[in-house]
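Dropping coords39.cif in here (mmCIF, C-alpha atoms):
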```
data_start
#
loop_
_atom_site.label_atom_id
_atom_site.label_comp_id
_atom_site.auth_asym_id
_atom_site.auth_seq_id
_atom_site.Cartn_x
_atom_site.Cartn_y
_atom_site.Cartn_z
CA ASP A 20 13.68 22.11 11.14
CA THR A 21 11.73 19.67 13.25
CA GLY A 22 11.29 16.80 10.81
CA VAL A 23 9.07 15.63 7.99
CA SER A 24 5.77 17.49 7.86
CA GLN A 25 2.58 16.21 6.23
CA ASP A 26 -0.68 17.99 5.55
CA PRO A 27 -3.50 17.34 6.14
CA ARG A 28 -3.33 14.88 9.03
CA HIS A 29 -6.79 13.54 8.24
CA LYS A 30 -8.91 13.59 5.10
CA ILE A 31 -12.43 12.26 4.68
CA THR A 32 -13.76 12.22 1.15
CA LYS A 33 -16.53 10.68 -0.89
CA ARG A 34 -15.83 8.00 -3.43
CA GLY A 35 -15.01 9.49 -6.80
CA GLN A 36 -13.52 12.71 -5.46
CA ASN A 37 -9.92 13.77 -5.99
CA VAL A 38 -7.61 14.37 -3.04
CA THR A 39 -4.13 15.85 -2.73
CA PHE A 40 -1.64 15.47 0.10
CA ARG A 41 1.48 17.51 0.76
CA CYS A 42 4.81 16.51 2.28
CA ASP A 43 7.66 18.78 3.38
CA PRO A 44 10.81 16.72 3.95
CA ILE A 45 13.74 17.49 6.23
CA SER A 46 15.38 20.43 4.46
CA GLU A 47 18.81 18.92 3.79
CA HIS A 48 17.40 15.58 2.55
CA ASN A 49 17.45 15.01 -1.19
CA ARG A 50 15.39 11.83 -1.22
CA LEU A 51 11.66 11.76 -0.57
CA TYR A 52 9.46 8.68 -0.34
CA TRP A 53 5.76 7.92 -0.24
CA TYR A 54 4.49 4.82 1.54
CA ARG A 55 0.99 3.52 2.21
CA GLN A 56 -0.07 1.69 5.35
CA THR A 57 -3.31 -0.17 5.92
CA LEU A 58 -4.59 -1.34 9.30
CA GLY A 59 -2.56 -4.15 10.79
CA GLN A 60 0.18 -3.98 8.18
CA GLY A 61 3.58 -2.40 7.84
CA PRO A 62 4.13 0.49 5.43
CA GLU A 63 4.37 -0.39 1.73
CA PHE A 64 6.56 1.52 -0.72
CA LEU A 65 4.78 3.59 -3.37
CA THR A 66 7.36 5.85 -4.98
CA TYR A 67 10.48 7.93 -4.38
CA PHE A 68 12.23 11.05 -5.64
CA GLN A 69 15.86 12.05 -5.84
CA ASN A 70 15.57 15.84 -5.87
CA GLU A 71 12.83 16.52 -8.46
CA ALA A 72 13.26 13.25 -10.37
CA GLN A 73 10.82 10.44 -9.68
CA LEU A 74 13.09 7.40 -9.87
CA GLU A 75 10.82 4.49 -9.05
CA LYS A 76 7.12 3.69 -8.79
CA SER A 77 5.57 0.62 -7.22
CA ARG A 78 2.98 -1.47 -9.00
CA LEU A 79 0.70 -0.42 -6.13
CA LEU A 80 0.64 3.05 -7.68
CA SER A 81 -2.23 2.80 -10.15
CA ASP A 82 -2.90 5.32 -12.92
CA ARG A 83 -5.15 7.24 -10.54
CA PHE A 84 -2.14 8.12 -8.38
CA SER A 85 0.36 10.80 -9.28
CA ALA A 86 3.20 12.27 -7.27
CA GLU A 87 5.28 15.34 -7.97
CA ARG A 88 8.22 17.14 -6.46
CA PRO A 89 8.52 20.11 -8.80
CA LYS A 90 11.37 22.02 -7.17
CA GLY A 91 13.03 19.19 -5.34
CA SER A 92 11.67 20.37 -2.02
CA PHE A 93 8.05 19.58 -1.03
CA SER A 94 6.06 16.84 -2.73
CA THR A 95 2.39 16.25 -3.47
CA LEU A 96 0.53 12.98 -3.88
CA GLU A 97 -2.76 13.15 -5.75
CA ILE A 98 -5.36 10.42 -5.94
CA GLN A 99 -8.01 10.85 -8.61
CA ARG A 100 -11.46 9.26 -8.53
CA THR A 101 -10.89 7.84 -5.07
CA GLU A 102 -12.15 4.36 -4.23
CA GLN A 103 -12.93 2.84 -0.84
CA GLY A 104 -9.85 0.66 -1.19
CA ASP A 105 -7.71 3.80 -1.16
CA SER A 106 -8.52 4.29 2.53
CA ALA A 107 -5.19 4.08 4.32
CA MET A 108 -2.48 6.08 6.06
CA TYR A 109 -0.23 7.78 3.51
CA LEU A 110 3.25 8.27 4.90
CA CYS A 111 5.99 10.48 3.59
CA ALA A 112 9.64 9.95 4.49
CA SER A 113 12.95 11.55 3.61
CA SER A 114 16.62 10.61 3.71
CA PRO A 115 19.93 12.13 2.66
CA SER A 116 21.20 10.96 -0.73
CA THR A 117 24.63 10.14 0.59
CA GLY A 118 25.65 8.00 3.50
CA VAL A 119 23.14 5.52 4.78
CA ASN A 120 20.15 5.88 2.52
CA GLU A 121 18.09 3.29 4.33
CA LYS A 122 17.68 5.54 7.36
CA LEU A 123 14.28 6.94 6.52
CA PHE A 124 12.63 9.58 8.66
CA PHE A 125 8.86 9.48 8.49
CA GLY A 126 6.22 12.16 8.90
CA SER A 127 3.07 11.68 10.95
CA GLY A 128 1.09 10.64 7.89
CA THR A 129 -2.21 11.58 6.29
CA GLN A 130 -5.09 9.30 7.24
CA LEU A 131 -7.46 9.01 4.29
CA SER A 132 -10.99 7.71 4.67
CA VAL A 133 -13.04 7.22 1.51
CA LEU A 134 -16.77 6.90 2.16
CA GLY B 20 9.77 -12.01 -3.17
CA GLN B 21 11.35 -10.69 -0.03
CA GLN B 22 9.22 -10.87 3.09
CA LEU B 23 9.79 -10.14 6.74
CA ASN B 24 7.97 -12.14 9.40
CA GLN B 25 7.71 -10.76 12.89
CA SER B 26 6.89 -12.66 16.02
CA PRO B 27 5.09 -12.52 18.23
CA GLN B 28 2.24 -10.67 16.58
CA SER B 29 1.28 -9.10 19.91
CA MET B 30 2.42 -9.05 23.51
CA PHE B 31 0.73 -7.99 26.71
CA ILE B 32 3.18 -7.62 29.58
CA GLN B 33 3.51 -6.16 33.05
CA GLU B 34 5.43 -2.94 33.57
CA GLY B 35 9.01 -3.71 34.50
CA GLU B 36 9.23 -6.92 32.49
CA ASP B 37 11.73 -7.46 29.70
CA VAL B 38 10.49 -7.96 26.15
CA SER B 39 11.94 -9.88 23.22
CA MET B 40 10.72 -9.91 19.66
CA ASN B 41 12.22 -11.07 16.41
CA CYS B 42 12.10 -10.69 12.69
CA THR B 43 13.00 -13.36 10.15
CA SER B 44 13.37 -13.53 6.41
CA SER B 45 13.94 -16.23 3.81
CA SER B 46 16.48 -13.97 2.10
CA ILE B 47 19.60 -12.16 3.26
CA PHE B 48 19.46 -8.55 4.35
CA ASN B 49 22.46 -6.23 4.58
CA THR B 50 20.72 -3.78 6.87
CA TRP B 51 18.14 -4.20 9.59
CA LEU B 52 16.09 -1.33 10.95
CA TRP B 53 13.75 -1.26 13.90
CA TYR B 54 10.95 1.31 14.03
CA LYS B 55 8.28 2.10 16.61
CA GLN B 56 4.90 3.49 15.66
CA ASP B 57 2.45 5.13 18.05
CA PRO B 58 -1.26 5.24 17.15
CA GLY B 59 -1.97 7.85 14.47
CA GLU B 60 1.71 8.67 13.98
CA GLY B 61 4.44 7.71 11.54
CA PRO B 62 7.16 5.17 12.39
CA VAL B 63 10.13 6.46 14.35
CA LEU B 64 13.55 4.90 13.81
CA LEU B 65 14.88 3.21 16.95
CA ILE B 66 17.96 1.28 15.90
CA ALA B 67 19.84 0.59 12.66
CA LEU B 68 22.10 -2.44 12.18
CA TYR B 69 24.62 -2.81 9.35
CA LYS B 70 26.85 -5.78 10.13
CA ALA B 71 26.15 -9.46 10.80
CA GLY B 72 26.49 -10.19 14.51
CA GLU B 73 26.28 -6.51 15.42
CA LEU B 74 24.69 -5.70 18.76
CA THR B 75 23.49 -2.11 19.21
CA SER B 76 21.79 -0.41 22.13
CA ASN B 77 19.64 2.68 22.41
CA GLY B 78 18.79 3.25 26.06
CA ARG B 79 16.73 0.28 27.25
CA LEU B 80 16.54 -1.09 23.72
CA THR B 81 19.04 -3.56 22.31
CA ALA B 82 18.93 -5.01 18.82
CA GLN B 83 21.04 -7.66 17.15
CA PHE B 84 21.81 -8.40 13.53
CA GLY B 85 21.65 -12.20 13.19
CA ILE B 86 24.77 -14.00 12.04
CA THR B 87 22.91 -15.67 9.17
CA ARG B 88 21.78 -12.17 8.02
CA LYS B 89 18.27 -13.59 7.81
CA ASP B 90 17.06 -12.45 11.20
CA SER B 91 17.19 -9.72 13.78
CA PHE B 92 16.10 -9.38 17.39
CA LEU B 93 14.90 -6.49 19.51
CA ASN B 94 14.92 -6.53 23.29
CA ILE B 95 13.40 -3.98 25.62
CA SER B 96 14.47 -4.09 29.23
CA ALA B 97 12.40 -2.95 32.21
CA SER B 98 9.39 -1.96 30.12
CA ILE B 99 7.42 1.19 30.95
CA PRO B 100 3.94 2.29 29.82
CA SER B 101 5.32 4.59 27.09
CA ASP B 102 6.83 1.52 25.37
CA VAL B 103 3.32 0.75 24.17
CA GLY B 104 3.08 0.76 20.39
CA ILE B 105 3.78 -1.26 17.28
CA TYR B 106 7.35 -2.31 16.58
CA PHE B 107 8.36 -2.89 12.98
CA CYS B 108 11.46 -4.42 11.54
CA ALA B 109 12.48 -3.28 8.07
CA GLY B 110 15.18 -3.90 5.55
CA PRO B 111 16.16 -2.60 2.12
CA HIS B 112 14.41 -4.16 -0.85
CA GLY B 113 16.83 -5.98 -3.11
CA SER B 114 20.45 -4.95 -3.13
CA SER B 115 20.05 -1.37 -4.27
CA ASN B 116 20.81 1.50 -1.96
CA THR B 117 17.63 3.43 -2.71
CA GLY B 118 15.92 3.58 0.65
CA LYS B 119 13.09 1.39 -0.61
CA LEU B 120 12.24 -0.61 2.48
CA ILE B 121 10.30 -3.77 3.18
CA PHE B 122 8.51 -3.82 6.53
CA GLY B 123 7.35 -6.70 8.67
CA GLN B 124 3.74 -6.80 9.80
CA GLY B 125 4.65 -5.50 13.26
CA THR B 126 4.60 -6.64 16.87
CA THR B 127 2.04 -4.84 19.01
CA LEU B 128 3.19 -4.26 22.57
CA GLN B 129 0.88 -3.44 25.44
CA VAL B 130 2.23 -2.71 28.91
CA LYS B 131 0.09 -3.00 32.00
CA PRO B 132 1.07 -0.49 34.71
#
```
Please rewrite the model in this file as structure tokens.
Amino acid sequence: DTGVSQDPRHKITKRGQNVTFRCDPISEHNRLYWYRQTLGQGPEFLTYFQNEAQLEKSRLLSDRFSAERPKGSFSTLEIQRTEQGDSAMYLCASSPSTGVNEKLFFGSGTQLSVL
Amino acid sequence: GQQLNQSPQSMFIQEGEDVSMNCTSSSIFNTWLWYKQDPGEGPVLLIALYKAGELTSNGRLTAQFGITRKDSFLNISASIPSDVGIYFCAGPHGSSNTGKLIFGQGTTLQVKP
């Protein structure tokens, strides 16, 4: 296993369309996180899973956003009715549930552009 | 709420020079993390600090956990062109051990060969 994998790397969509991103965490990691990063800023927390349970969601995650991790392995992040303000890099990260949980390992991200 | 402030915002240095950057907060952190991000990639963990006063090295990188627990420093010695990127400090949000991190706004480093 070479690390956290995200797909696609880039997504261009028109305003109003739905998009879905996939994240495959490091295989032995139980925790999976989604962050969003806009230009010139650090990543901002969106949500996280412990196995298949979604344990916390940020206020940044509007009703148009939904994340799932159905079998406790890969996760998907869906954005419905995209808006131009959704344009950002969407980062996935994973960590083991025991030991030092703050050591997050990030994927390469999905760069979303909403036209 | 908790915020992390990084300085400087950007640096442009000559290859071979040493670099220092810092991260400060108005609240106490129990863990400090330093990440590097290359263009179009996700952040990569460089150094993790868990104890006030701790000094940890990773190759040419050295980071320190401030004694007040409200700051941290990252030094890069003898910079090389591949050090170019954005350096972020991060710390856990609140006191929970959930992996929910707060990031600074980053220090952009450019190295002139």
Review point. If the PyMOL selection byres ((chain A) within 7 of (chain B)) is run on the structure shown, which residues does it catch, given as an MDAnalysis selection string?
Key: chainID A and resid 59:64 110 120:121 123:128
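Taking atom CA of Ile98 of chain A as the reference point, atom CA of Gln130 of chain A is found at 13.2 Å.
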Practice item. Considering only C-alpha atoms, return as a VMD selection string whatever protein or nucleic-acid residues lie within 10 Å of segment 45-47 of chain A, sequence-local ones (same chain, fewer than 6 positions apart) excluded. Key: chain A and resid 20 to 24 92 to 93 112 to 116 124 to 126
Starting from the PyMOL selection byres ((chain B and resi 31) around 7), expand the selection into actual residues of this file and give them as a PDB file with C-alpha atoms, keeping the file's coordinate frame.
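Generated file (expr_17.pdb):
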```pdb
ATOM      1  CA  SER B  29       1.280  -9.100  19.910  1.00  0.00           C
ATOM      2  CA  MET B  30       2.420  -9.050  23.510  1.00  0.00           C
ATOM      3  CA  ILE B  32       3.180  -7.620  29.580  1.00  0.00           C
ATOM      4  CA  LEU B 128       3.190  -4.260  22.570  1.00  0.00           C
ATOM      5  CA  GLN B 129       0.880  -3.440  25.440  1.00  0.00           C
ATOM      6  CA  VAL B 130       2.230  -2.710  28.910  1.00  0.00           C
TER       7      VAL B 130
END
```
Review point. Leaving out segment 81-98 of chain B and any residue of its chain fewer than 6 positions from it, which residues lie within 9 Å of it when counting all atoms listed in the file, given as JSON, numbers by chain?
Key: {"B": [23, 32, 33, 34, 35, 36, 37, 38, 39, 40, 41, 42, 43, 44, 45, 46, 47, 48, 49, 50, 51, 52, 53, 66, 67, 68, 69, 70, 71, 72, 73, 74, 75, 108, 130]}
Review point. Which residues match the PyMOL selection byres ((chain A and resi 66-75) around 6) in the file above, as a PyMOL selection string?
Key: chain A and resi 49-53+65+76-77+88-91
Please enclose the listed atoms of segment 128-132 of chain B in an axis-aligned box, pad each side by 3 Å, and write out the centre and the three edge lengths in Å, rounded to one decimal, as JSON.
```
{"center_x": 1.6, "center_y": -2.4, "center_z": 28.6, "size_x": 9.1, "size_y": 9.8, "size_z": 18.1}
```
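Between atom CA of Pro27 of chain A and atom CA of Leu80 of chain A lies a distance of 20.3 Å.
Atom to atom, atom CA of Lys131 of chain B and atom CA of Leu58 of chain A stand 23.2 Å apart.
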**Study point:** Surrounding residues of segment 100-104 of chain A excluding itself and chain neighbours under 2 positions, 10 Å, all atoms listed in the file, as a list in words
**Key:** Thr32, Lys33, Arg34, Gly35, Gln36, Asn37, Val38, Thr57, Arg83, Phe84, Glu97, Ile98, Ser106, Ala107, Leu131, Ser132, Val133 and Leu134 of chain A
Please, can segment 103-117 of chain B be completed to N, CA, C and O atoms and returned as an mmCIF file, in the coordinates of the input?
```cif
data_model
loop_
_atom_site.group_PDB
_atom_site.id
_atom_site.type_symbol
_atom_site.label_atom_id
_atom_site.label_comp_id
_atom_site.auth_asym_id
_atom_site.auth_seq_id
_atom_site.Cartn_x
_atom_site.Cartn_y
_atom_site.Cartn_z
ATOM 1 N N VAL B 103 4.475 1.231 24.919
ATOM 2 C CA VAL B 103 3.320 0.750 24.170
ATOM 3 C C VAL B 103 3.374 1.262 22.729
ATOM 4 O O VAL B 103 3.667 2.425 22.483
ATOM 5 N N GLY B 104 3.083 0.370 21.791
ATOM 6 C CA GLY B 104 3.080 0.760 20.390
ATOM 7 C C GLY B 104 3.287 -0.447 19.508
ATOM 8 O O GLY B 104 3.255 -1.588 19.971
ATOM 9 N N ILE B 105 3.503 -0.186 18.228
ATOM 10 C CA ILE B 105 3.780 -1.260 17.280
ATOM 11 C C ILE B 105 5.239 -1.154 16.850
ATOM 12 O O ILE B 105 5.705 -0.088 16.446
ATOM 13 N N TYR B 106 5.937 -2.263 16.932
ATOM 14 C CA TYR B 106 7.350 -2.310 16.580
ATOM 15 C C TYR B 106 7.494 -3.021 15.236
ATOM 16 O O TYR B 106 7.005 -4.138 15.060
ATOM 17 N N PHE B 107 8.147 -2.344 14.308
ATOM 18 C CA PHE B 107 8.360 -2.890 12.980
ATOM 19 C C PHE B 107 9.835 -3.121 12.716
ATOM 20 O O PHE B 107 10.662 -2.268 13.027
ATOM 21 N N CYS B 108 10.141 -4.257 12.110
ATOM 22 C CA CYS B 108 11.460 -4.420 11.540
ATOM 23 C C CYS B 108 11.360 -4.063 10.057
ATOM 24 O O CYS B 108 10.282 -4.139 9.463
ATOM 25 N N ALA B 109 12.469 -3.656 9.487
ATOM 26 C CA ALA B 109 12.480 -3.280 8.070
ATOM 27 C C ALA B 109 13.872 -3.505 7.514
ATOM 28 O O ALA B 109 14.872 -3.478 8.236
ATOM 29 N N GLY B 110 13.904 -3.727 6.217
ATOM 30 C CA GLY B 110 15.180 -3.900 5.550
ATOM 31 C C GLY B 110 15.075 -3.410 4.113
ATOM 32 O O GLY B 110 13.967 -3.292 3.577
ATOM 33 N N PRO B 111 16.201 -3.111 3.490
ATOM 34 C CA PRO B 111 16.160 -2.600 2.120
ATOM 35 C C PRO B 111 15.722 -3.672 1.131
ATOM 36 O O PRO B 111 16.144 -4.824 1.224
ATOM 37 N N HIS B 112 14.903 -3.252 0.179
ATOM 38 C CA HIS B 112 14.410 -4.160 -0.850
ATOM 39 C C HIS B 112 15.529 -4.418 -1.857
ATOM 40 O O HIS B 112 16.152 -3.489 -2.355
ATOM 41 N N GLY B 113 15.793 -5.656 -2.152
ATOM 42 C CA GLY B 113 16.830 -5.980 -3.110
ATOM 43 C C GLY B 113 18.193 -5.567 -2.602
ATOM 44 O O GLY B 113 18.416 -5.433 -1.405
ATOM 45 N N SER B 114 19.095 -5.312 -3.520
ATOM 46 C CA SER B 114 20.450 -4.950 -3.130
ATOM 47 C C SER B 114 20.754 -3.487 -3.384
ATOM 48 O O SER B 114 21.831 -3.005 -3.095
ATOM 49 N N SER B 115 19.787 -2.767 -3.922
ATOM 50 C CA SER B 115 20.050 -1.370 -4.270
ATOM 51 C C SER B 115 19.971 -0.479 -3.044
ATOM 52 O O SER B 115 19.247 -0.765 -2.097
ATOM 53 N N ASN B 116 20.721 0.591 -3.086
ATOM 54 C CA ASN B 116 20.810 1.500 -1.960
ATOM 55 C C ASN B 116 19.868 2.678 -2.215
ATOM 56 O O ASN B 116 20.304 3.821 -2.289
ATOM 57 N N THR B 117 18.579 2.384 -2.328
ATOM 58 C CA THR B 117 17.630 3.430 -2.710
ATOM 59 C C THR B 117 16.764 3.904 -1.570
ATOM 60 O O THR B 117 16.026 4.865 -1.718
#
```
